[in-house]
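Notes for the one structure printed next.
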Amino acid sequence: MKSDIVVVGGGASGLMAAYAAADFLVRSGSDAQVLVLEKMPRPARKIMISGKGRCNFTNLKDWNGFSSHVRANSNALRPAFYNLTPEALTEFFSAYGMRWVVERGDRAFPESHHASDVVDALVNACLSRGVKILCEQEVSSVERKDGGFSLKLAGGGNCECRRLILATGGLSYPTTGSTGDGYRWAGGFGHRIVRTFPSLTALVPQGYKLSEEIHSDPELPRHIDRSTPLSELGEKLCGVQLRNVGVTLEIDGAGAGEEFGDLDFTDGGIEGPVGFRFSRQAVKAMLNGGRAALVLDLKSAVEPAELSERVRQLYAEIEADPRSLRLRDKEKCRILLGKLMPWDLIPGFTAMHPQIFSVTRLRSGKQLVKVHLDVIAAALKCWRFPLEGYVGYERAVVTAGGVALDGMVPKTLESKLAPGLHICGELLDIDADTGGYNLHSAFATGSLAGLSAAKSLLAPSAD
């Protein structure tokens with residue numbers, strides 16, 4: 001099997017690379033062929049599950065706003081971004097029949113909120129330019145041959161090409177086919193691989209999972225598999241969604257960042273936009289042996305003294321209410337907490353702050369329960385979650401680290417070490433926040449890699 005350009009990996013970056021290459025070749029009047037080899041039964045499996053199936057495919061911020069959300073090597077991403085801007089990407093999808101909408105935070109989604117529409121548009125675009133997509137074709141090895149490349153297939157046989165684009169993805173969501181093969185092949189050509197780790201993943205607080213079910217992972221210290229059962233505390237918090245809360249990340253006891261927004265407690269741990277934004281920094285710290293914690297401020301718009309007075313006033317009103325005459329102090333406290341936080345958060349809040357109550361046994365044998373309002377006010381402003389670990393690649397949205405950019409030409413995404421080899425997508429040491437930034441980066445780097453490969457193929461000096 002031979003092709004002029006072979007793209008290994010039929011995900012977001014791979015399909016866009018194939019389209020960009022084939023589109024340039026067609027417009028140039030060339031009959032050169034582009035082939036995509038995808039090891040899964042269908043292409044773009046990871047796109048299908050992105051954004052919980054809704055697929056936030058880009059973010060419409062300009063470069064200054066966009067780049068502020070890129071956590072590694074934003075300068076290297078710049079040429080790819082300007083080659084395929086968010087506006088150009090939305091025009092591309094519109095041209096292939098996909099309507100789209102913009103939601104809060106400049107996030108763009110297919111109008112149907114079905115990720116399959118994104119996949120269909122990508123595949124149809126490729127087919128319209130003559131791209132051949134072969135599924136269930138796993139590549140087992142890649143090597144140089146006669147100025148081009150030779151690929152061995154796991155099922156037998158081989159494929160040869162003049163230009164090669166690696167778009168195999170990282171390590172996140174391995175069930176979609178991302179198993180890190182591209183790192184091995186890039187390393188074989190001499191590329192330096194920056195240590196990889198899960199990002200945009202759940203952070204697991206201490207006591208959130210059953211400790212006896214947690215197993216150590218020598219490759220990812222403090223990795224806690226998402227399937228690990230929840231503890232009693234985890235059961236109380238799981239499913240709670242918090243809106244508009246302040247969150248501080250602590251690394252080794254010192255503040256390392258502040259965010260304001262939404263946060264979710266899930267079967268994995270702490271997620272949501274704010275949790276995800278802190279996950280990269282927190283995971284990296286834990287991998288390096290550091291201590292990490294998230295500190296929640298449920299009343300970030302209220303000063304501590306003002307909040308303390310408000311808590312006292314609310315409790316005084318509850319005690320003065322005739323309906324409270326027969327209520328115990330713990331029941332009055334629950335009513336108070338219900339005025340200060342979502343009801344479903346109360347069990348977890350009280351479980352983690354037992355000092356809210358103190359019990360004194362009287363000579364008569366009765367118990368006197370006292371509610372400490374100052375403790376409640378303080379906990380609302382500073383609810384600390386020391387982190388025990390994090391969910392690994394099995395459910396991480398993206399892989400941080402990857403092929404070092406010092407071995408790549410940013411304007412073409414061609415390897416400096418193996419001419420004719422282009423690398424794009426999650427394989428590169430580029431990752432960003434949640435909000436459409438990572439998928440756009442995949443599309444943009446794929447487009448630049450594909451276009452550059454096709455141009456070099458037709459250049460006068462091409463072999």
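As shown in the structure tokens, the chain order sets the letters A, B, ...; within each chain, residues go from 1, and ligands are also counted from 1 in the order they appear.
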
Residue contacts of Glu103 in chain A (12 Å, only C-alpha atoms) excluding same-chain residues fewer than 2 positions away, as a PyMOL selection string: chain A and resi 54+56-60+100-101+105-111+113+435-436

Can you tell me which residues surround Asn244 in chain A at a distance of at most 12 Å, considering only C-alpha atoms, apart from same-chain residues fewer than 3 positions away, and format the answer as number ranges by chain? A: 241, 247, 259-264, 272-274, 296-301, 341

Run DSSP on the backbone and grab whatever in range 170-267 of chain A lands in strand (DSSP E or B); send it over as a ChimeraX atom specification. /A:193-199,203-205,209,223,230,241-251,254-265

Surrounding residues of Lys145 in chain A excluding itself and chain neighbours under 6 positions, 12 Å, only C-alpha atoms, as number ranges by chain: A: 151-152, 159-164, 418, 420

Need the shell around Leu122 in chain A: protein/DNA/RNA residues with any atom at most 9 Å away, counting only C-alpha atoms. Skip same-chain ones fewer than 3 positions apart. Format as a ChimeraX atom specification? /A:12,15-16,19,93,96,117-119,125-127

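Residues surrounding range 214-230 of chain A within 8 Å are Phe197, Val204, Tyr208, Lys209, Leu210, Ser211, Leu233, Gly234, Glu235, Asp267, Gly268, Met286, Leu287, Glu388, Gly389, Tyr390, Val391, Gly392, Glu394 and Arg395 of chain A [only C-alpha atoms; sequence separation below 3 positions excluded].
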
Identify, on the basis of only C-alpha atoms, every residue whose closest approach to range 74-91 of chain A does not exceed 9 Å; exclude the query and any residue fewer than 2 positions from it along the same chain; express the result as an mmCIF file with all heavy atoms, in the first residue's frame.
```
data_model
loop_
_atom_site.group_PDB
_atom_site.id
_atom_site.type_symbol
_atom_site.label_atom_id
_atom_site.label_comp_id
_atom_site.auth_asym_id
_atom_site.auth_seq_id
_atom_site.Cartn_x
_atom_site.Cartn_y
_atom_site.Cartn_z
ATOM 1 N N THR A 58 -14.748 24.874 19.511
ATOM 2 C CA THR A 58 -13.785 25.974 19.472
ATOM 3 C C THR A 58 -14.203 27.039 20.472
ATOM 4 O O THR A 58 -15.265 26.960 21.090
ATOM 5 C CB THR A 58 -13.665 26.593 18.062
ATOM 6 O OG1 THR A 58 -12.550 27.503 18.049
ATOM 7 C CG2 THR A 58 -14.919 27.349 17.674
ATOM 8 N N ASN A 59 -13.358 28.054 20.602
ATOM 9 C CA ASN A 59 -13.664 29.226 21.411
ATOM 10 C C ASN A 59 -13.365 30.448 20.557
ATOM 11 O O ASN A 59 -12.299 30.530 19.941
ATOM 12 C CB ASN A 59 -12.824 29.241 22.689
ATOM 13 C CG ASN A 59 -13.290 30.299 23.660
ATOM 14 O OD1 ASN A 59 -13.122 31.483 23.412
ATOM 15 N ND2 ASN A 59 -13.869 29.874 24.767
ATOM 16 N N LEU A 60 -14.295 31.376 20.503
ATOM 17 C CA LEU A 60 -14.214 32.481 19.556
ATOM 18 C C LEU A 60 -13.413 33.683 20.045
ATOM 19 O O LEU A 60 -13.494 34.762 19.459
ATOM 20 C CB LEU A 60 -15.630 32.932 19.167
ATOM 21 C CG LEU A 60 -16.403 31.896 18.340
ATOM 22 C CD1 LEU A 60 -17.837 32.326 18.143
ATOM 23 C CD2 LEU A 60 -15.728 31.681 16.997
ATOM 24 N N LYS A 61 -12.635 33.520 21.084
ATOM 25 C CA LYS A 61 -11.775 34.628 21.533
ATOM 26 C C LYS A 61 -10.684 34.912 20.500
ATOM 27 O O LYS A 61 -10.277 34.031 19.739
ATOM 28 C CB LYS A 61 -11.128 34.276 22.872
ATOM 29 C CG LYS A 61 -12.087 34.288 24.055
ATOM 30 C CD LYS A 61 -11.342 34.001 25.348
ATOM 31 C CE LYS A 61 -12.276 34.115 26.556
ATOM 32 N NZ LYS A 61 -13.384 33.164 26.517
ATOM 33 N N ASP A 62 -10.203 36.156 20.517
ATOM 34 C CA ASP A 62 -9.066 36.494 19.666
ATOM 35 C C ASP A 62 -7.798 35.897 20.280
ATOM 36 O O ASP A 62 -7.841 35.288 21.353
ATOM 37 C CB ASP A 62 -8.936 38.008 19.478
ATOM 38 C CG ASP A 62 -8.685 38.763 20.791
ATOM 39 O OD1 ASP A 62 -8.321 38.126 21.810
ATOM 40 O OD2 ASP A 62 -8.865 39.989 20.801
ATOM 41 N N TRP A 63 -6.670 36.090 19.603
ATOM 42 C CA TRP A 63 -5.452 35.420 20.047
ATOM 43 C C TRP A 63 -5.062 35.797 21.473
ATOM 44 O O TRP A 63 -4.678 34.927 22.262
ATOM 45 C CB TRP A 63 -4.297 35.709 19.097
ATOM 46 C CG TRP A 63 -2.984 35.203 19.626
ATOM 47 C CD1 TRP A 63 -1.902 35.928 20.024
ATOM 48 C CD2 TRP A 63 -2.631 33.829 19.855
ATOM 49 N NE1 TRP A 63 -0.901 35.107 20.474
ATOM 50 C CE2 TRP A 63 -1.324 33.799 20.386
ATOM 51 C CE3 TRP A 63 -3.303 32.619 19.664
ATOM 52 C CZ2 TRP A 63 -0.670 32.631 20.729
ATOM 53 C CZ3 TRP A 63 -2.645 31.437 20.002
ATOM 54 C CH2 TRP A 63 -1.352 31.446 20.531
ATOM 55 N N SER A 67 -4.892 32.749 23.904
ATOM 56 C CA SER A 67 -3.577 32.304 24.367
ATOM 57 C C SER A 67 -3.444 32.334 25.877
ATOM 58 O O SER A 67 -2.639 31.594 26.452
ATOM 59 C CB SER A 67 -2.463 33.145 23.729
ATOM 60 O OG SER A 67 -2.598 34.510 24.103
ATOM 61 N N SER A 68 -4.236 33.195 26.542
ATOM 62 C CA SER A 68 -4.166 33.241 28.003
ATOM 63 C C SER A 68 -4.686 31.961 28.636
ATOM 64 O O SER A 68 -4.464 31.719 29.833
ATOM 65 C CB SER A 68 -4.960 34.441 28.529
ATOM 66 O OG SER A 68 -6.355 34.268 28.316
ATOM 67 N N HIS A 69 -5.370 31.131 27.861
ATOM 68 C CA HIS A 69 -5.889 29.861 28.364
ATOM 69 C C HIS A 69 -5.038 28.669 27.925
ATOM 70 O O HIS A 69 -5.385 27.524 28.215
ATOM 71 C CB HIS A 69 -7.334 29.659 27.892
ATOM 72 C CG HIS A 69 -8.304 30.605 28.532
ATOM 73 N ND1 HIS A 69 -8.911 30.336 29.731
ATOM 74 C CD2 HIS A 69 -8.740 31.829 28.135
ATOM 75 C CE1 HIS A 69 -9.696 31.349 30.061
ATOM 76 N NE2 HIS A 69 -9.616 32.266 29.112
ATOM 77 N N VAL A 70 -3.954 28.924 27.217
ATOM 78 C CA VAL A 70 -3.037 27.854 26.807
ATOM 79 C C VAL A 70 -1.964 27.723 27.875
ATOM 80 O O VAL A 70 -1.272 28.690 28.194
ATOM 81 C CB VAL A 70 -2.405 28.152 25.434
ATOM 82 C CG1 VAL A 70 -1.444 27.043 25.030
ATOM 83 C CG2 VAL A 70 -3.499 28.336 24.374
ATOM 84 N N ARG A 71 -1.820 26.540 28.454
ATOM 85 C CA ARG A 71 -0.959 26.348 29.615
ATOM 86 C C ARG A 71 0.470 25.952 29.270
ATOM 87 O O ARG A 71 1.337 25.933 30.143
ATOM 88 C CB ARG A 71 -1.579 25.293 30.544
ATOM 89 C CG ARG A 71 -2.942 25.691 31.088
ATOM 90 C CD ARG A 71 -2.869 27.017 31.794
ATOM 91 N NE ARG A 71 -4.163 27.462 32.298
ATOM 92 C CZ ARG A 71 -4.405 28.671 32.767
ATOM 93 N NH1 ARG A 71 -3.442 29.568 32.777
ATOM 94 N NH2 ARG A 71 -5.605 28.995 33.206
ATOM 95 N N ALA A 72 0.747 25.607 28.027
ATOM 96 C CA ALA A 72 2.113 25.231 27.650
ATOM 97 C C ALA A 72 2.368 25.636 26.206
ATOM 98 O O ALA A 72 1.587 25.296 25.317
ATOM 99 C CB ALA A 72 2.337 23.730 27.820
ATOM 100 N N PHE A 93 -17.006 24.616 9.096
ATOM 101 C CA PHE A 93 -18.121 23.737 9.450
ATOM 102 C C PHE A 93 -19.419 24.196 8.802
ATOM 103 O O PHE A 93 -20.241 23.363 8.392
ATOM 104 C CB PHE A 93 -18.263 23.657 10.970
ATOM 105 C CG PHE A 93 -17.274 22.726 11.614
ATOM 106 C CD1 PHE A 93 -16.285 23.206 12.451
ATOM 107 C CD2 PHE A 93 -17.318 21.365 11.363
ATOM 108 C CE1 PHE A 93 -15.363 22.348 13.034
ATOM 109 C CE2 PHE A 93 -16.401 20.494 11.936
ATOM 110 C CZ PHE A 93 -15.415 20.981 12.776
ATOM 111 N N SER A 94 -19.611 25.509 8.698
ATOM 112 C CA SER A 94 -20.805 26.006 8.023
ATOM 113 C C SER A 94 -20.823 25.559 6.567
ATOM 114 O O SER A 94 -21.884 25.183 6.029
ATOM 115 C CB SER A 94 -20.855 27.537 8.095
ATOM 116 O OG SER A 94 -21.020 27.987 9.421
ATOM 117 N N ALA A 95 -19.670 25.589 5.923
ATOM 118 C CA ALA A 95 -19.585 25.193 4.514
ATOM 119 C C ALA A 95 -19.945 23.731 4.309
ATOM 120 O O ALA A 95 -20.404 23.347 3.221
ATOM 121 C CB ALA A 95 -18.174 25.466 3.983
ATOM 122 N N TYR A 96 -19.768 22.932 5.344
ATOM 123 C CA TYR A 96 -20.107 21.512 5.242
ATOM 124 C C TYR A 96 -21.384 21.173 6.006
ATOM 125 O O TYR A 96 -21.584 20.046 6.456
ATOM 126 C CB TYR A 96 -18.919 20.654 5.692
ATOM 127 C CG TYR A 96 -17.846 20.628 4.625
ATOM 128 C CD1 TYR A 96 -16.790 21.528 4.667
ATOM 129 C CD2 TYR A 96 -17.946 19.759 3.543
ATOM 130 C CE1 TYR A 96 -15.836 21.550 3.659
ATOM 131 C CE2 TYR A 96 -16.994 19.773 2.541
ATOM 132 C CZ TYR A 96 -15.946 20.669 2.605
ATOM 133 O OH TYR A 96 -15.010 20.689 1.589
ATOM 134 N N MET A 98 -22.901 22.257 8.834
ATOM 135 C CA MET A 98 -23.129 22.199 10.277
ATOM 136 C C MET A 98 -23.432 23.591 10.826
ATOM 137 O O MET A 98 -22.592 24.485 10.771
ATOM 138 C CB MET A 98 -21.918 21.615 11.019
ATOM 139 C CG MET A 98 -22.208 21.306 12.483
ATOM 140 S SD MET A 98 -20.715 20.878 13.435
ATOM 141 C CE MET A 98 -20.144 22.521 13.917
ATOM 142 N N ARG A 99 -24.622 23.762 11.342
ATOM 143 C CA ARG A 99 -24.974 25.006 12.008
ATOM 144 C C ARG A 99 -24.397 24.990 13.418
ATOM 145 O O ARG A 99 -24.273 23.925 14.025
ATOM 146 C CB ARG A 99 -26.493 25.178 12.042
ATOM 147 C CG ARG A 99 -27.117 25.218 10.651
ATOM 148 C CD ARG A 99 -28.629 25.195 10.726
ATOM 149 N NE ARG A 99 -29.161 26.392 11.336
ATOM 150 C CZ ARG A 99 -29.469 27.512 10.673
ATOM 151 N NH1 ARG A 99 -29.274 27.566 9.363
ATOM 152 N NH2 ARG A 99 -29.956 28.568 11.294
ATOM 153 N N TRP A 100 -24.079 26.160 13.930
ATOM 154 C CA TRP A 100 -23.435 26.220 15.237
ATOM 155 C C TRP A 100 -23.964 27.410 16.034
ATOM 156 O O TRP A 100 -24.544 28.352 15.489
ATOM 157 C CB TRP A 100 -21.916 26.311 15.094
ATOM 158 C CG TRP A 100 -21.444 27.359 14.135
ATOM 159 C CD1 TRP A 100 -21.319 27.235 12.774
ATOM 160 C CD2 TRP A 100 -21.084 28.714 14.448
ATOM 161 N NE1 TRP A 100 -20.885 28.415 12.221
ATOM 162 C CE2 TRP A 100 -20.732 29.347 13.220
ATOM 163 C CE3 TRP A 100 -21.006 29.440 15.622
ATOM 164 C CZ2 TRP A 100 -20.328 30.665 13.158
ATOM 165 C CZ3 TRP A 100 -20.591 30.769 15.567
ATOM 166 C CH2 TRP A 100 -20.257 31.362 14.351
ATOM 167 N N ALA A 108 -18.198 27.677 21.288
ATOM 168 C CA ALA A 108 -19.005 27.321 20.125
ATOM 169 C C ALA A 108 -19.353 25.828 20.151
ATOM 170 O O ALA A 108 -18.497 24.984 20.411
ATOM 171 C CB ALA A 108 -18.265 27.661 18.837
ATOM 172 N N LEU A 405 8.509 21.054 21.704
ATOM 173 C CA LEU A 405 8.407 21.952 20.549
ATOM 174 C C LEU A 405 9.758 22.419 20.041
ATOM 175 O O LEU A 405 9.850 22.941 18.914
ATOM 176 C CB LEU A 405 7.538 23.153 20.910
ATOM 177 C CG LEU A 405 6.020 22.997 20.721
ATOM 178 C CD1 LEU A 405 5.679 22.719 19.266
ATOM 179 C CD2 LEU A 405 5.446 21.903 21.606
ATOM 180 N N VAL A 409 9.375 22.780 13.781
ATOM 181 C CA VAL A 409 9.330 24.107 13.156
ATOM 182 C C VAL A 409 7.913 24.636 13.355
ATOM 183 O O VAL A 409 6.978 24.128 12.725
ATOM 184 C CB VAL A 409 9.668 24.034 11.654
ATOM 185 C CG1 VAL A 409 9.604 25.434 11.041
ATOM 186 C CG2 VAL A 409 11.021 23.396 11.438
ATOM 187 N N PRO A 410 7.689 25.620 14.210
ATOM 188 C CA PRO A 410 6.329 26.065 14.524
ATOM 189 C C PRO A 410 5.518 26.514 13.308
ATOM 190 O O PRO A 410 4.297 26.329 13.275
ATOM 191 C CB PRO A 410 6.558 27.233 15.493
ATOM 192 C CG PRO A 410 7.879 26.948 16.128
ATOM 193 C CD PRO A 410 8.701 26.324 15.040
ATOM 194 N N LYS A 411 6.187 27.099 12.285
ATOM 195 C CA LYS A 411 5.454 27.621 11.136
ATOM 196 C C LYS A 411 4.954 26.533 10.201
ATOM 197 O O LYS A 411 4.110 26.785 9.332
ATOM 198 C CB LYS A 411 6.335 28.600 10.359
ATOM 199 C CG LYS A 411 6.598 29.897 11.115
ATOM 200 C CD LYS A 411 7.403 30.873 10.274
ATOM 201 C CE LYS A 411 7.622 32.188 11.030
ATOM 202 N NZ LYS A 411 8.405 33.154 10.215
ATOM 203 N N THR A 412 5.479 25.308 10.362
ATOM 204 C CA THR A 412 5.063 24.204 9.487
ATOM 205 C C THR A 412 4.707 22.943 10.267
ATOM 206 O O THR A 412 4.123 22.022 9.703
ATOM 207 C CB THR A 412 6.177 23.847 8.489
ATOM 208 O OG1 THR A 412 7.336 23.420 9.228
ATOM 209 C CG2 THR A 412 6.539 25.040 7.612
ATOM 210 N N LEU A 413 5.092 22.894 11.528
ATOM 211 C CA LEU A 413 4.956 21.689 12.360
ATOM 212 C C LEU A 413 5.650 20.490 11.731
ATOM 213 O O LEU A 413 5.229 19.344 11.883
ATOM 214 C CB LEU A 413 3.489 21.384 12.662
ATOM 215 C CG LEU A 413 2.814 22.428 13.566
ATOM 216 C CD1 LEU A 413 1.354 22.076 13.809
ATOM 217 C CD2 LEU A 413 3.551 22.562 14.895
ATOM 218 N N ILE A 430 1.460 20.836 24.057
ATOM 219 C CA ILE A 430 0.567 21.995 24.101
ATOM 220 C C ILE A 430 -0.740 21.535 24.733
ATOM 221 O O ILE A 430 -1.332 20.554 24.277
ATOM 222 C CB ILE A 430 0.279 22.561 22.693
ATOM 223 C CG1 ILE A 430 1.567 23.060 22.029
ATOM 224 C CG2 ILE A 430 -0.754 23.680 22.757
ATOM 225 C CD1 ILE A 430 1.378 23.490 20.582
ATOM 226 N N ASP A 431 -1.181 22.198 25.772
ATOM 227 C CA ASP A 431 -2.482 21.897 26.353
ATOM 228 C C ASP A 431 -3.076 23.164 26.926
ATOM 229 O O ASP A 431 -2.365 24.133 27.189
ATOM 230 C CB ASP A 431 -2.386 20.797 27.406
ATOM 231 C CG ASP A 431 -1.561 21.206 28.605
ATOM 232 O OD1 ASP A 431 -0.313 21.186 28.516
ATOM 233 O OD2 ASP A 431 -2.154 21.554 29.636
ATOM 234 N N ALA A 432 -4.388 23.153 27.105
ATOM 235 C CA ALA A 432 -5.079 24.373 27.485
ATOM 236 C C ALA A 432 -6.226 24.074 28.439
ATOM 237 O O ALA A 432 -6.492 22.917 28.784
ATOM 238 C CB ALA A 432 -5.604 25.074 26.227
ATOM 239 N N HIS A 440 -9.826 23.273 19.498
ATOM 240 C CA HIS A 440 -9.380 24.193 18.445
ATOM 241 C C HIS A 440 -7.889 24.024 18.179
ATOM 242 O O HIS A 440 -7.453 24.072 17.014
ATOM 243 C CB HIS A 440 -9.672 25.653 18.790
ATOM 244 C CG HIS A 440 -9.307 26.568 17.665
ATOM 245 N ND1 HIS A 440 -10.175 26.851 16.630
ATOM 246 C CD2 HIS A 440 -8.136 27.197 17.347
ATOM 247 C CE1 HIS A 440 -9.561 27.620 15.751
ATOM 248 N NE2 HIS A 440 -8.314 27.848 16.160
ATOM 249 N N SER A 441 -7.109 23.831 19.227
ATOM 250 C CA SER A 441 -5.673 23.621 19.045
ATOM 251 C C SER A 441 -5.407 22.382 18.196
ATOM 252 O O SER A 441 -4.497 22.368 17.363
ATOM 253 C CB SER A 441 -4.978 23.493 20.401
ATOM 254 O OG SER A 441 -5.093 24.688 21.136
ATOM 255 N N PHE A 443 -7.513 21.085 15.903
ATOM 256 C CA PHE A 443 -7.883 21.410 14.522
ATOM 257 C C PHE A 443 -6.832 22.316 13.872
ATOM 258 O O PHE A 443 -6.451 22.113 12.720
ATOM 259 C CB PHE A 443 -9.241 22.109 14.497
ATOM 260 C CG PHE A 443 -10.405 21.217 14.817
ATOM 261 C CD1 PHE A 443 -11.370 21.621 15.728
ATOM 262 C CD2 PHE A 443 -10.553 19.985 14.203
ATOM 263 C CE1 PHE A 443 -12.452 20.811 16.026
ATOM 264 C CE2 PHE A 443 -11.641 19.156 14.492
ATOM 265 C CZ PHE A 443 -12.591 19.582 15.408
ATOM 266 N N ALA A 444 -6.377 23.320 14.614
ATOM 267 C CA ALA A 444 -5.438 24.292 14.051
ATOM 268 C C ALA A 444 -4.091 23.669 13.734
ATOM 269 O O ALA A 444 -3.518 23.902 12.658
ATOM 270 C CB ALA A 444 -5.272 25.468 15.010
ATOM 271 N N THR A 445 -3.545 22.880 14.663
ATOM 272 C CA THR A 445 -2.247 22.250 14.400
ATOM 273 C C THR A 445 -2.381 21.198 13.302
ATOM 274 O O THR A 445 -1.468 21.032 12.481
ATOM 275 C CB THR A 445 -1.653 21.617 15.669
ATOM 276 O OG1 THR A 445 -2.587 20.679 16.237
ATOM 277 C CG2 THR A 445 -1.329 22.693 16.703
ATOM 278 N N GLY A 446 -3.513 20.503 13.267
ATOM 279 C CA GLY A 446 -3.734 19.537 12.191
ATOM 280 C C GLY A 446 -3.783 20.216 10.837
ATOM 281 O O GLY A 446 -3.161 19.763 9.868
ATOM 282 N N SER A 447 -4.503 21.325 10.762
ATOM 283 C CA SER A 447 -4.617 22.051 9.500
ATOM 284 C C SER A 447 -3.261 22.547 9.016
ATOM 285 O O SER A 447 -2.920 22.413 7.829
ATOM 286 C CB SER A 447 -5.575 23.237 9.685
ATOM 287 O OG SER A 447 -5.673 23.996 8.506
ATOM 288 N N LEU A 448 -2.461 23.093 9.938
ATOM 289 C CA LEU A 448 -1.147 23.604 9.544
ATOM 290 C C LEU A 448 -0.220 22.465 9.125
ATOM 291 O O LEU A 448 0.515 22.594 8.132
ATOM 292 C CB LEU A 448 -0.528 24.383 10.702
ATOM 293 C CG LEU A 448 0.844 25.011 10.421
ATOM 294 C CD1 LEU A 448 0.786 25.958 9.228
ATOM 295 C CD2 LEU A 448 1.362 25.737 11.653
ATOM 296 N N ALA A 449 -0.260 21.358 9.839
ATOM 297 C CA ALA A 449 0.594 20.216 9.496
ATOM 298 C C ALA A 449 0.223 19.662 8.123
ATOM 299 O O ALA A 449 1.098 19.367 7.296
ATOM 300 C CB ALA A 449 0.480 19.135 10.565
#
```

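Closest approach to Ala256 in chain A among A:Leu428, A:Ala292, A:Ala22, A:Val371: A:Ala292, based on only C-alpha atoms.
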
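The space separating CA of Ile251 in chain A from CA of Arg291 in chain A comes to 5.7 Å.
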
For Gly29 in chain A, which residue out of A:Gly275, A:Ile165, A:Leu458, A:Ala202 is the nearest one, using only C-alpha atoms? A:Leu458

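Candidate residues A:Glu303, A:Asp344, A:Glu426, A:Asp329 were compared for distance to Lys381 in chain A, and the nearest is A:Glu303, using only C-alpha atoms.
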
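Omitting Phe278 in chain A and its sequence neighbours fewer than 6 positions away, and counting only C-alpha atoms, the residues within 9 Å are Ser199, Leu200, Leu203, Thr248, Leu249, Gly257, Glu258, Glu259 and Leu294 of chain A.
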
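Between CA of Gly148 in chain A and CA of Arg42 in chain A lies a distance of 27.3 Å.
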
Of the candidates A:Val311, A:Leu171, A:Leu387, A:Ala404, which shows the shortest atom-to-atom distance to Lys416 in chain A, using only C-alpha atoms?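 Of all the options, A:Ala404 lies closest to Lys416 in chain A.
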
Atom pair CA of Val245 in chain A + CA of Arg277 in chain A, distance 13.8 Å

Apply DSSP to the backbone of this structure and, from range 363-459 of chain A, keep only the residues in helix (DSSP H, G or I); write these as a ChimeraX atom specification. /A:373-381,405-407,425-427,437-458
